[in-house]
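The structure file target-v9.cif is reproduced below (mmCIF, C-alpha atoms and all ligand atoms).
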```cif
data_query
#
loop_
_atom_site.group_PDB
_atom_site.id
_atom_site.type_symbol
_atom_site.label_atom_id
_atom_site.label_comp_id
_atom_site.auth_asym_id
_atom_site.auth_seq_id
_atom_site.Cartn_x
_atom_site.Cartn_y
_atom_site.Cartn_z
ATOM 1 C CA MET A 17 -11.057 -5.690 -19.337
ATOM 2 C CA GLN A 18 -12.274 -4.000 -16.202
ATOM 3 C CA ALA A 19 -11.477 -0.284 -16.154
ATOM 4 C CA TRP A 20 -9.279 1.003 -13.340
ATOM 5 C CA HIS A 21 -11.970 3.186 -11.820
ATOM 6 C CA GLU A 22 -14.341 0.209 -11.602
ATOM 7 C CA LEU A 23 -12.058 -1.332 -8.980
ATOM 8 C CA VAL A 24 -13.076 1.394 -6.520
ATOM 9 C CA GLY A 25 -16.314 -0.419 -5.724
ATOM 10 C CA ASP A 26 -15.147 -3.971 -6.401
ATOM 11 C CA ALA A 27 -15.804 -5.958 -3.205
ATOM 12 C CA LYS A 28 -13.921 -9.019 -4.454
ATOM 13 C CA PHE A 29 -10.808 -6.984 -5.225
ATOM 14 C CA LEU A 30 -10.927 -5.269 -1.828
ATOM 15 C CA ALA A 31 -11.411 -8.610 -0.029
ATOM 16 C CA ALA A 32 -8.435 -10.128 -1.852
ATOM 17 C CA LEU A 33 -6.183 -7.298 -0.655
ATOM 18 C CA THR A 34 -7.403 -7.791 2.921
ATOM 19 C CA ALA A 35 -6.615 -11.508 2.637
ATOM 20 C CA THR A 36 -3.094 -10.649 1.437
ATOM 21 C CA ASP A 37 -2.524 -8.375 4.445
ATOM 22 C CA GLU A 38 -3.814 -11.097 6.793
ATOM 23 C CA ARG A 39 -1.451 -13.623 5.236
ATOM 24 C CA ILE A 40 1.562 -11.290 5.513
ATOM 25 C CA ALA A 41 0.645 -10.627 9.165
ATOM 26 C CA SER A 42 0.301 -14.284 10.125
ATOM 27 C CA GLU A 43 3.717 -14.980 8.633
ATOM 28 C CA ALA A 44 5.190 -12.085 10.612
ATOM 29 C CA ARG A 45 3.461 -13.356 13.743
ATOM 30 C CA ARG A 46 5.268 -16.663 13.541
ATOM 31 C CA GLY A 47 8.468 -14.726 14.263
ATOM 32 C CA ARG A 48 9.266 -13.451 17.753
ATOM 33 C CA CYS A 49 9.874 -9.961 19.065
ATOM 34 C CA PRO A 50 13.218 -8.810 17.584
ATOM 35 C CA LEU A 51 14.137 -7.089 20.862
ATOM 36 C CA CYS A 52 13.261 -9.619 23.579
ATOM 37 C CA GLY A 53 12.067 -12.755 21.797
ATOM 38 C CA GLY A 54 8.571 -12.392 23.264
ATOM 39 C CA ARG A 55 5.366 -13.539 21.605
ATOM 40 C CA LEU A 56 3.812 -11.128 19.120
ATOM 41 C CA ASP A 57 0.119 -10.347 19.549
ATOM 42 C CA ARG A 58 -2.191 -8.412 17.270
ATOM 43 C CA GLY A 59 -2.353 -4.717 18.067
ATOM 44 C CA ASP A 60 -4.023 -3.187 15.042
ATOM 45 C CA PHE A 61 -4.360 0.530 14.425
ATOM 46 C CA PRO A 62 -7.832 1.874 13.741
ATOM 47 C CA ARG A 63 -8.246 3.409 10.287
ATOM 48 C CA LYS A 64 -11.038 5.187 8.560
ATOM 49 C CA PRO A 65 -10.112 4.665 4.942
ATOM 50 C CA ARG A 66 -11.308 6.912 2.180
ATOM 51 C CA PRO A 67 -13.082 6.703 -0.157
ATOM 52 C CA GLY A 68 -15.963 4.893 1.565
ATOM 53 C CA LEU A 69 -15.583 1.211 0.744
ATOM 54 C CA GLY A 70 -19.135 -0.047 1.167
ATOM 55 C CA ALA A 71 -19.354 -3.632 2.382
ATOM 56 C CA ALA A 72 -15.554 -3.820 2.696
ATOM 57 C CA GLU A 73 -15.474 -0.843 5.074
ATOM 58 C CA SER A 74 -15.301 -2.794 8.356
ATOM 59 C CA SER A 75 -12.494 -5.120 7.242
ATOM 60 C CA TRP A 76 -10.589 -2.066 5.989
ATOM 61 C CA SER A 77 -10.986 -0.148 9.252
ATOM 62 C CA LYS A 78 -7.787 -1.613 10.724
ATOM 63 C CA ARG A 79 -4.138 -1.398 9.733
ATOM 64 C CA ILE A 80 -2.762 -4.740 10.898
ATOM 65 C CA SER A 81 0.054 -4.374 13.407
ATOM 66 C CA LEU A 82 1.735 -6.629 15.962
ATOM 67 C CA CYS A 83 2.841 -5.847 19.480
ATOM 68 C CA CYS A 84 5.225 -7.755 21.770
ATOM 69 C CA SER A 85 3.301 -9.416 24.615
ATOM 70 C CA GLU A 86 6.093 -8.894 27.187
ATOM 71 C CA GLU A 87 5.325 -6.317 29.862
ATOM 72 C CA GLY A 88 7.977 -3.590 29.710
ATOM 73 C CA CYS A 89 8.833 -4.305 26.066
ATOM 74 C CA ARG A 90 5.653 -3.976 24.010
ATOM 75 C CA HIS A 91 7.792 -3.492 20.923
ATOM 76 C CA ARG A 92 5.691 -2.911 17.846
ATOM 77 C CA VAL A 93 6.192 -4.752 14.586
ATOM 78 C CA THR A 94 4.098 -3.444 11.720
ATOM 79 C CA PRO A 95 4.205 -5.839 8.776
ATOM 80 C CA PRO A 96 4.069 -4.627 5.164
ATOM 81 C CA SER A 97 0.613 -3.852 3.796
ATOM 82 C CA VAL A 98 -0.924 -3.856 0.329
ATOM 83 C CA ARG A 99 -3.798 -1.707 1.602
ATOM 84 C CA PHE A 100 -2.312 1.313 3.354
ATOM 85 C CA LEU A 101 0.576 3.507 2.245
ATOM 86 C CA GLY A 102 2.012 4.990 5.429
ATOM 87 C CA ARG A 103 -0.276 7.325 7.281
ATOM 88 C CA LYS A 104 -2.296 8.303 4.247
ATOM 89 C CA VAL A 105 -6.010 8.047 4.924
ATOM 90 C CA TYR A 106 -6.774 6.982 1.381
ATOM 91 C CA ALA A 107 -6.622 3.293 0.642
ATOM 92 C CA ALA A 108 -3.453 2.415 -1.294
ATOM 93 C CA PRO A 109 -5.097 1.127 -4.504
ATOM 94 C CA PHE A 110 -6.855 4.451 -4.979
ATOM 95 C CA ILE A 111 -3.640 6.408 -4.593
ATOM 96 C CA VAL A 112 -2.534 4.513 -7.699
ATOM 97 C CA ILE A 113 -5.854 4.460 -9.570
ATOM 98 C CA ALA A 114 -6.545 8.178 -9.212
ATOM 99 C CA LEU A 115 -3.162 8.921 -10.791
ATOM 100 C CA VAL A 116 -3.153 6.402 -13.649
ATOM 101 C CA SER A 117 -6.733 6.540 -14.816
ATOM 102 C CA ALA A 118 -8.037 9.471 -16.798
ATOM 103 C CA ALA A 119 -11.533 8.088 -16.276
ATOM 104 C CA ALA A 120 -11.034 7.982 -12.528
ATOM 105 C CA ALA A 121 -9.574 11.462 -12.599
ATOM 106 C CA ALA A 122 -12.445 12.829 -14.645
ATOM 107 C CA THR A 123 -15.636 10.969 -13.845
ATOM 108 C CA ALA A 124 -14.959 9.554 -10.411
ATOM 109 C CA ALA A 125 -12.597 12.301 -9.270
ATOM 110 C CA ALA A 126 -14.943 13.685 -6.673
ATOM 111 C CA ALA A 127 -15.453 10.233 -5.207
ATOM 112 C CA ILE A 128 -11.757 9.443 -5.093
ATOM 113 C CA ALA A 129 -9.903 12.641 -4.353
ATOM 114 C CA SER A 130 -9.689 16.320 -5.131
ATOM 115 C CA ALA A 131 -7.215 17.632 -7.703
ATOM 116 C CA ARG A 132 -5.164 19.037 -4.822
ATOM 117 C CA THR A 133 -4.976 15.654 -3.107
ATOM 118 C CA ARG A 134 -3.962 13.997 -6.373
ATOM 119 C CA ARG A 135 -1.175 16.547 -6.830
ATOM 120 C CA ARG A 136 0.058 15.715 -3.331
ATOM 121 C CA TRP A 137 0.075 11.998 -4.167
ATOM 122 C CA ALA A 138 1.901 12.601 -7.438
ATOM 123 C CA GLU A 139 4.513 14.492 -5.447
ATOM 124 C CA TRP A 140 4.785 11.612 -2.935
ATOM 125 C CA TRP A 141 5.675 9.196 -5.777
ATOM 126 C CA GLN A 142 8.278 11.611 -7.142
ATOM 127 C CA THR A 143 9.934 12.363 -3.788
ATOM 128 C CA THR A 144 9.352 9.984 -0.876
ATOM 129 C CA PHE A 145 8.793 6.867 -2.975
ATOM 130 C CA LEU A 146 11.694 7.538 -5.374
ATOM 131 C CA ALA A 147 14.080 8.059 -2.475
ATOM 132 C CA SER A 148 12.921 4.981 -0.547
ATOM 133 C CA ALA A 149 14.953 1.856 0.139
ATOM 134 C CA CYS A 150 11.973 -0.112 -1.209
ATOM 135 C CA TRP A 151 12.203 1.507 -4.658
ATOM 136 C CA SER A 152 15.980 1.368 -4.705
ATOM 137 C CA GLU A 153 15.801 -2.398 -4.260
ATOM 138 C CA LEU A 154 12.879 -2.996 -6.642
ATOM 139 C CA ARG A 155 14.235 -0.730 -9.395
ATOM 140 C CA GLY A 156 17.296 -2.914 -9.881
ATOM 141 C CA ARG A 157 15.114 -5.908 -10.723
ATOM 142 C CA LEU A 158 13.138 -4.154 -13.470
ATOM 143 C CA VAL A 159 14.551 -4.599 -16.948
ATOM 144 C CA PRO A 160 14.292 -2.428 -18.960
ATOM 145 C CA ALA A 161 14.256 0.334 -16.376
ATOM 146 C CA VAL A 162 10.917 1.863 -15.435
ATOM 147 C CA SER A 163 10.484 5.574 -16.169
ATOM 148 C CA GLU A 164 10.652 7.264 -12.791
ATOM 149 C CA ARG A 165 8.867 10.347 -14.039
ATOM 150 C CA GLY A 166 5.983 8.125 -15.104
ATOM 151 C CA LEU A 167 5.386 6.624 -11.652
ATOM 152 C CA PRO A 168 3.104 5.085 -10.575
ATOM 153 C CA GLY A 169 1.639 4.334 -14.044
ATOM 154 C CA SER A 170 4.950 3.220 -15.558
ATOM 155 C CA LEU A 171 5.414 0.667 -12.788
ATOM 156 C CA LEU A 172 1.822 -0.572 -12.930
ATOM 157 C CA ALA A 173 2.223 -1.178 -16.680
ATOM 158 C CA ARG A 174 4.846 -3.839 -15.870
ATOM 159 C CA PHE A 175 2.352 -6.124 -14.161
ATOM 160 C CA GLU A 176 0.242 -8.450 -16.248
ATOM 161 C CA GLY A 177 -3.297 -9.735 -16.028
ATOM 162 C CA ALA A 178 -6.662 -8.106 -15.446
ATOM 163 C CA ALA A 179 -6.707 -4.659 -13.835
ATOM 164 C CA SER A 180 -7.341 -6.122 -10.391
ATOM 165 C CA GLU A 181 -4.484 -8.650 -10.689
ATOM 166 C CA ALA A 182 -1.993 -6.127 -12.055
ATOM 167 C CA LEU A 183 -2.770 -3.631 -9.311
ATOM 168 C CA ALA A 184 -2.657 -6.277 -6.564
ATOM 169 C CA SER A 185 0.735 -7.485 -7.857
ATOM 170 C CA MET A 186 2.103 -3.961 -7.956
ATOM 171 C CA LEU A 187 0.932 -3.235 -4.404
ATOM 172 C CA SER A 188 2.642 -6.455 -3.244
ATOM 173 C CA ALA A 189 5.842 -5.485 -5.033
ATOM 174 C CA ILE A 190 5.981 -2.118 -3.255
ATOM 175 C CA SER A 191 4.583 -3.270 0.102
ATOM 176 C CA ALA A 192 7.982 -2.803 1.768
ATOM 177 C CA VAL A 193 7.457 0.953 1.429
ATOM 178 C CA THR A 194 4.732 0.653 4.075
ATOM 179 C CA THR A 195 7.348 -0.254 6.718
ATOM 180 C CA PRO A 196 9.882 2.134 8.310
ATOM 181 C CA ARG A 197 12.770 0.109 6.887
ATOM 182 C CA GLY A 198 11.456 0.205 3.302
ATOM 183 C CA LEU A 199 10.400 3.839 3.543
ATOM 184 C CA ARG A 200 13.745 5.148 4.753
ATOM 185 C CA SER A 201 15.428 7.490 2.334
ATOM 186 C CA VAL A 202 18.514 6.218 0.536
ATOM 187 C CA ARG A 203 18.964 9.203 -1.796
ATOM 188 C CA ALA A 204 20.058 12.732 -1.171
ATOM 189 C CA MET A 205 16.951 14.743 -1.973
HETATM 190 ZN ZN ZN B 1 9.634 -7.676 23.083
#
```
Can the structure from this file be put into structure tokens for me?
Ligand SMILES: [Zn+2]
Amino acid sequence: MQAWHELVGDAKFLAALTATDERIASEARRGRCPLCGGRLDRGDFPRKPRPGLGAAESSWSKRISLCCSEEGCRHRVTPPSVRFLGRKVYAAPFIVIALVSAAAAATAAAAIASARTRRRWAEWWQTTFLASACWSELRGRLVPAVSERGLPGSLLARFEGAASEALASMLSAISAVTTPRGLRSVRAM
């Protein structure tokens, strides 16, 4: 089985996540603007994801977003993503990998993130993610319950298959947290 930290440079894995985001976006694009019913056009945000992603870099340099084509409305609809968690500059899979893999934390730590950055991510899972509407909804479907203190590793362990499949499935399951609706807090913190 492929080790978690090997996914960092896995072009096929990175391309599959991009394809998932493209598919989610084209589904969202078939809808109309929720405010005025106008057509939705692509209006992606530029990103400079870390760590450097080699050949996948250019396809990962945009967070897919949609924008209403009507003058005076221009309402923005940002579909869920399996590649970017909110405004974090690090690519989503690495925010999971750096926390669940001792090998990634030890050998590839410098390439992925500093200890300080990893502490910040760990805190994000324990605060923002735990309080989110996305987690509140997903949690109810997981039997037996997932250990919240063990996030994100405890959640990742629920998905089967090779490392790349398990991680891709987990990122799909939590993709709602990349939208304002899924990220909103439903718990008193
Ligand atoms: Zn509109």
query = Residues within 6 Å of ligand ZN 1 (chain B) (all atoms listed in the file), as a ChimeraX atom specification?
reply = /A:49,51-54,84,86,89-91
For Ala27 in chain A: contacts at 9 Å, only C-alpha atoms, fewer than 2 positions along chain excluded, given as a PyMOL selection string = chain A and resi 23-25+29-32+69-72
key: Nearest to Ala184 in chain A by atom-to-atom distance, counting all atoms listed in the file, from A:Gln142, A:Ser148, A:Ser117, A:Thr36   =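 Checking each candidate against Ala184 in chain A, we get A:Thr36 as the closest.
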Selected by the PyMOL selection byres (((chain A and resi 83) around 7) and not hetatm) in the shown coordinates: which residues, as an mmCIF file with C-alpha atoms, in the coordinates of the input?
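Written out: selection38.cif:
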```cif
data_model
loop_
_atom_site.group_PDB
_atom_site.id
_atom_site.type_symbol
_atom_site.label_atom_id
_atom_site.label_comp_id
_atom_site.auth_asym_id
_atom_site.auth_seq_id
_atom_site.Cartn_x
_atom_site.Cartn_y
_atom_site.Cartn_z
ATOM 1 C CA LEU A 56 3.812 -11.128 19.120
ATOM 2 C CA ASP A 57 0.119 -10.347 19.549
ATOM 3 C CA ARG A 58 -2.191 -8.412 17.270
ATOM 4 C CA GLY A 59 -2.353 -4.717 18.067
ATOM 5 C CA SER A 81 0.054 -4.374 13.407
ATOM 6 C CA LEU A 82 1.735 -6.629 15.962
ATOM 7 C CA CYS A 84 5.225 -7.755 21.770
ATOM 8 C CA SER A 85 3.301 -9.416 24.615
ATOM 9 C CA ARG A 90 5.653 -3.976 24.010
ATOM 10 C CA HIS A 91 7.792 -3.492 20.923
ATOM 11 C CA ARG A 92 5.691 -2.911 17.846
ATOM 12 C CA VAL A 93 6.192 -4.752 14.586
#
```
request  = On this file, the PyMOL selection byres (((chain A and resi 144) around 12) and not hetatm) gives some set of residues; write that set as a ChimeraX atom specification.
outcome  = /A:101-102,136-143,145-152,167,193-194,198-205
Serialized selection, C-alpha atoms, as a compact mmCIF listing (two decimals), in the coordinates of the input:
```txt
# COMPACT_ATOMS: atom_id res chain seq x y z
CA LEU A 101 0.58 3.51 2.24
CA GLY A 102 2.01 4.99 5.43
CA ARG A 136 0.06 15.72 -3.33
CA TRP A 137 0.08 12.00 -4.17
CA ALA A 138 1.90 12.60 -7.44
CA GLU A 139 4.51 14.49 -5.45
CA TRP A 140 4.78 11.61 -2.94
CA TRP A 141 5.68 9.20 -5.78
CA GLN A 142 8.28 11.61 -7.14
CA THR A 143 9.93 12.36 -3.79
CA PHE A 145 8.79 6.87 -2.98
CA LEU A 146 11.69 7.54 -5.37
CA ALA A 147 14.08 8.06 -2.48
CA SER A 148 12.92 4.98 -0.55
CA ALA A 149 14.95 1.86 0.14
CA CYS A 150 11.97 -0.11 -1.21
CA TRP A 151 12.20 1.51 -4.66
CA SER A 152 15.98 1.37 -4.70
CA LEU A 167 5.39 6.62 -11.65
CA VAL A 193 7.46 0.95 1.43
CA THR A 194 4.73 0.65 4.08
CA GLY A 198 11.46 0.20 3.30
CA LEU A 199 10.40 3.84 3.54
CA ARG A 200 13.74 5.15 4.75
CA SER A 201 15.43 7.49 2.33
CA VAL A 202 18.51 6.22 0.54
CA ARG A 203 18.96 9.20 -1.80
CA ALA A 204 20.06 12.73 -1.17
CA MET A 205 16.95 14.74 -1.97
```
ask   = Separation of CA of Glu38 in chain A and CA of Glu153 in chain A, in Å?
value =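 Interatomic distance here is 24.1 Å.
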Long-range neighbours of Ser191 in chain A as a PDB file with C-alpha atoms, in the coordinates of the input, 8 Å cut-off, all atoms listed in the file, 6 positions minimum in chain:
```
ATOM      1  CA  PRO A  96       4.069  -4.627   5.164  1.00  0.00           C
ATOM      2  CA  SER A  97       0.613  -3.852   3.796  1.00  0.00           C
ATOM      3  CA  VAL A  98      -0.924  -3.856   0.329  1.00  0.00           C
TER       4      VAL A  98
END
```
request  = Just the residues within 12 Å of range 177-179 of chain A, please, counting only C-alpha atoms, with nothing from its chain fewer than 5 positions along; format it as an NGL selection string.
outcome  = :A and (17-24 or 26 or 29 or 109 or 112-113 or 116-117 or 172 or 184-186)
The selected residues should be written to file as a short mmCIF file (atom, residue, chain, number, x, y, z; two decimals), in the coordinates of the input (atoms: C-alpha atoms).
```
data_model
loop_
_atom_site.label_atom_id
_atom_site.label_comp_id
_atom_site.auth_asym_id
_atom_site.auth_seq_id
_atom_site.Cartn_x
_atom_site.Cartn_y
_atom_site.Cartn_z
CA MET A 17 -11.06 -5.69 -19.34
CA GLN A 18 -12.27 -4.00 -16.20
CA ALA A 19 -11.48 -0.28 -16.15
CA TRP A 20 -9.28 1.00 -13.34
CA HIS A 21 -11.97 3.19 -11.82
CA GLU A 22 -14.34 0.21 -11.60
CA LEU A 23 -12.06 -1.33 -8.98
CA VAL A 24 -13.08 1.39 -6.52
CA ASP A 26 -15.15 -3.97 -6.40
CA PHE A 29 -10.81 -6.98 -5.22
CA PRO A 109 -5.10 1.13 -4.50
CA VAL A 112 -2.53 4.51 -7.70
CA ILE A 113 -5.85 4.46 -9.57
CA VAL A 116 -3.15 6.40 -13.65
CA SER A 117 -6.73 6.54 -14.82
CA LEU A 172 1.82 -0.57 -12.93
CA ALA A 184 -2.66 -6.28 -6.56
CA SER A 185 0.74 -7.48 -7.86
CA MET A 186 2.10 -3.96 -7.96
#
```
key: Atom pair CA of Ala108 in chain A / CA of Ala173 in chain A: separation (Å)   =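 It comes out at 16.8 Å.
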